[in-house]
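Notes for the one structure printed next.
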Amino acid sequence: MAAAEQEEREKLRLAEEREEEMESEEGGQQRQQGDGSSEESGESSSSEEDDKECEVEIQRLEEQPLSRVLCRASAAGDQGRIGSKAIMAITFHLVSHQLAAETPKLAEYQAYIDFEMKEGDPARIQLIFERALAENCLVPDLWARYAQYLDRQLKVKELVLSAHDRATRNCPWTVGLWKRCILAMERHCVDHSIIVETFEKALNAGFIQATDYVEIWQSYLDYLRRRVDFTKDSSKELEELRAAFARALDYLKQEVEERFGESGDPTCSIMQNWARVEAGHCNNMQKARELWDNIMTKGNSKFANMWLEYYNLER
C-alpha cells in the first residue's frame, strides 16, 4: 500500500514538472514575439523619422541657391542628422527642381559639378558635365574643365578625344581648346596626319586676336619638336620642323599681320625658339645667329633683355 502511494506521488511530481516546462517554453516564445514586434515597430518608427527629417530638410532648403543647398545637405550628413541615402534624396530633389526652373543654369550646374567632384563618383561627374554642356555648349570654360577632368582622371582615349573634338567644334574661336586637343591627340598617340589636319582646322577657325595664332603655332611647333630625334644629324622630322618654323613666320607676316595690323609676336618668340633649336639641338650656330640678327633688326635691339637672350645663346 505504501509503495503504491509512493508511486502515485512520483507520477504527480513528474506531471507537475512537465507542465512547468511547457509553461516556461510558451512564455519564452511570447517574449520573442514581443521583442520582434518591438523591433519592427522601432524600425518603422525610425523610417518614419527619417522621412520626416528629409521633408523638413527639403522645406528648409527649397528656396535657397543651389550652392548653399549642396553645402548644407553635405553638412547635415557630416553632422549625422540625416543618412547618406537621405542626402542623395534631398540633393536629387532640389537639384532637379532648381535646374528645371530655367535654362541655361550655368551657375547652378557649376555648383553641382563642384559637389559631384567632391564626392568623386566618375559616372555621376561625367553625367552632370554632359547635362551641363547640353544646355551650355557655347561656354569654353565648361568644355575646358570637362576635358581637363577626362585628361587627368578618366584617361579613356575614346572619351577624351571625343570631348576635345566636340569642344573645338562648339567653340572654335577659343585657342586654348585647340591647344589642349593637340596635346591630347599626341598623348594618345593619334596618327601624325590627323594631328596635322587638326592644326590646319585650327588655323581656319577664325581666332579673334593675333596672339591666338602665335599660341597655336607655338603649340604645333612644340609638338613637331618632340617628334625629332636630335641624335641624328638629319631626319625627315627635323626637316618638317624647320619647314614649319619658316611657314609660321610667313603666315604671321602675311595672313595675321594683314588681318590684324600686327603679327601678334612683337618679341619674335617663334624665331627665338627656332634659334634655340638650331643652337641647342642641332649645333648650327650659323643659322641661330642669322635668326637673332633678324630679330634685332625688327626693333628689338633697344631692349636689354633681348641682348641678354642673344648673349646666353652664344654662351
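By order in the C-alpha cells, chains are A, B, ...; within a chain, residues start at 1; ligands start at 1, following the order shown.
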
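Residues within 10 Å of region 125-131 of chain A, counting only C-alpha atoms and excluding same-chain residues fewer than 5 positions away, are Tyr109, Gln110, Tyr112, Ile113, Asp114, Phe115, Glu116, Met117, Lys118, Glu119, Gly120, Asn136, Cys137, Leu142, Trp143, Arg145, Tyr146, Ala147, Tyr149, Leu150, Leu154 and Ala163 of chain A.
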
Dump N, CA and C atoms for the selected residues as a PDB file, in the first residue's frame?
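The resulting file, part-v8.pdb, is shown below:
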ATOM      1  N   TYR A 109      24.738  74.653 -62.391  1.00  0.00           N
ATOM      2  CA  TYR A 109      25.470  73.479 -62.863  1.00  0.00           C
ATOM      3  C   TYR A 109      26.897  73.466 -62.321  1.00  0.00           C
ATOM      4  N   GLN A 110      27.523  74.631 -62.285  1.00  0.00           N
ATOM      5  CA  GLN A 110      28.889  74.704 -61.758  1.00  0.00           C
ATOM      6  C   GLN A 110      28.924  74.266 -60.298  1.00  0.00           C
ATOM      7  N   TYR A 112      26.781  72.271 -58.823  1.00  0.00           N
ATOM      8  CA  TYR A 112      26.508  70.829 -58.772  1.00  0.00           C
ATOM      9  C   TYR A 112      27.753  70.039 -59.182  1.00  0.00           C
ATOM     10  N   ILE A 113      28.476  70.533 -60.183  1.00  0.00           N
ATOM     11  CA  ILE A 113      29.713  69.869 -60.607  1.00  0.00           C
ATOM     12  C   ILE A 113      30.731  69.870 -59.467  1.00  0.00           C
ATOM     13  N   ASP A 114      30.844  71.012 -58.778  1.00  0.00           N
ATOM     14  CA  ASP A 114      31.757  71.083 -57.630  1.00  0.00           C
ATOM     15  C   ASP A 114      31.393  70.034 -56.581  1.00  0.00           C
ATOM     16  N   PHE A 115      30.097  69.892 -56.337  1.00  0.00           N
ATOM     17  CA  PHE A 115      29.628  68.921 -55.347  1.00  0.00           C
ATOM     18  C   PHE A 115      29.980  67.494 -55.766  1.00  0.00           C
ATOM     19  N   GLU A 116      29.708  67.161 -57.033  1.00  0.00           N
ATOM     20  CA  GLU A 116      29.984  65.805 -57.505  1.00  0.00           C
ATOM     21  C   GLU A 116      31.491  65.532 -57.575  1.00  0.00           C
ATOM     22  N   MET A 117      32.269  66.545 -57.907  1.00  0.00           N
ATOM     23  CA  MET A 117      33.724  66.367 -57.923  1.00  0.00           C
ATOM     24  C   MET A 117      34.231  66.047 -56.516  1.00  0.00           C
ATOM     25  N   LYS A 118      33.609  66.657 -55.528  1.00  0.00           N
ATOM     26  CA  LYS A 118      33.992  66.387 -54.142  1.00  0.00           C
ATOM     27  C   LYS A 118      33.621  64.961 -53.751  1.00  0.00           C
ATOM     28  N   GLU A 119      32.455  64.493 -54.231  1.00  0.00           N
ATOM     29  CA  GLU A 119      32.030  63.127 -53.924  1.00  0.00           C
ATOM     30  C   GLU A 119      32.903  62.100 -54.648  1.00  0.00           C
ATOM     31  N   GLY A 120      33.308  62.410 -55.891  1.00  0.00           N
ATOM     32  CA  GLY A 120      34.287  61.581 -56.590  1.00  0.00           C
ATOM     33  C   GLY A 120      33.756  60.387 -57.349  1.00  0.00           C
ATOM     34  N   ASN A 136      24.736  74.388 -72.218  1.00  0.00           N
ATOM     35  CA  ASN A 136      25.731  75.475 -72.235  1.00  0.00           C
ATOM     36  C   ASN A 136      26.883  75.110 -73.169  1.00  0.00           C
ATOM     37  N   CYS A 137      26.543  74.696 -74.374  1.00  0.00           N
ATOM     38  CA  CYS A 137      27.560  74.182 -75.295  1.00  0.00           C
ATOM     39  C   CYS A 137      28.475  75.266 -75.849  1.00  0.00           C
ATOM     40  N   LEU A 142      33.616  75.751 -69.605  1.00  0.00           N
ATOM     41  CA  LEU A 142      32.986  74.499 -69.194  1.00  0.00           C
ATOM     42  C   LEU A 142      33.568  73.322 -69.974  1.00  0.00           C
ATOM     43  N   TRP A 143      33.783  73.525 -71.268  1.00  0.00           N
ATOM     44  CA  TRP A 143      34.421  72.484 -72.080  1.00  0.00           C
ATOM     45  C   TRP A 143      35.843  72.221 -71.582  1.00  0.00           C
ATOM     46  N   ARG A 145      37.052  72.633 -68.606  1.00  0.00           N
ATOM     47  CA  ARG A 145      37.037  71.927 -67.319  1.00  0.00           C
ATOM     48  C   ARG A 145      36.703  70.447 -67.506  1.00  0.00           C
ATOM     49  N   TYR A 146      35.756  70.178 -68.381  1.00  0.00           N
ATOM     50  CA  TYR A 146      35.375  68.786 -68.648  1.00  0.00           C
ATOM     51  C   TYR A 146      36.544  68.025 -69.280  1.00  0.00           C
ATOM     52  N   ALA A 147      37.173  68.649 -70.269  1.00  0.00           N
ATOM     53  CA  ALA A 147      38.303  68.000 -70.939  1.00  0.00           C
ATOM     54  C   ALA A 147      39.457  67.764 -69.965  1.00  0.00           C
ATOM     55  N   TYR A 149      39.200  67.277 -66.749  1.00  0.00           N
ATOM     56  CA  TYR A 149      38.828  66.155 -65.876  1.00  0.00           C
ATOM     57  C   TYR A 149      39.065  64.819 -66.579  1.00  0.00           C
ATOM     58  N   LEU A 150      38.653  64.735 -67.836  1.00  0.00           N
ATOM     59  CA  LEU A 150      38.846  63.489 -68.577  1.00  0.00           C
ATOM     60  C   LEU A 150      40.331  63.202 -68.787  1.00  0.00           C
ATOM     61  N   LEU A 154      39.895  60.232 -65.837  1.00  0.00           N
ATOM     62  CA  LEU A 154      39.436  59.019 -66.522  1.00  0.00           C
ATOM     63  C   LEU A 154      40.487  58.471 -67.488  1.00  0.00           C
ATOM     64  N   ALA A 163      35.560  64.305 -76.445  1.00  0.00           N
ATOM     65  CA  ALA A 163      35.272  65.561 -75.746  1.00  0.00           C
ATOM     66  C   ALA A 163      36.056  66.724 -76.352  1.00  0.00           C
TER      67      ALA A 163
END

| field | 10 Å contact set for Ser263 (chain A), only C-alpha atoms, chain neighbours under 2 positions out, as a ChimeraX atom specification | value | /A:209-211,213-214,249,251-261,265-266,268

| request: Enter the distance from CA of Ile216 (chain A) to CA of Lys179 (chain A), in Å, rounded to one decimal. | output: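 Rounded to one decimal, the two atoms are 6.3 Å apart.
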
| field | From A:Asp222, A:Glu262, A:Asp141, A:Asp212, residue lying nearest Leu241 (chain A) [only C-alpha atoms] | value | A:Asp222

| CA of Asp165 (chain A) to CA of Phe207 (chain A), distance in Å rounded to a single decimal | 17.0 Å

| request: Measure the distance from CA of Trp173 (chain A) to CA of Glu197 (chain A) in Å and round it to one decimal. | output: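 The value is 16.9 Å.
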
| remark: Using only C-alpha atoms, the residue out of A:Leu313, A:Leu177, A:Val160, A:Ala279 with shortest distance to Phe230 (chain A) is A:Ala279
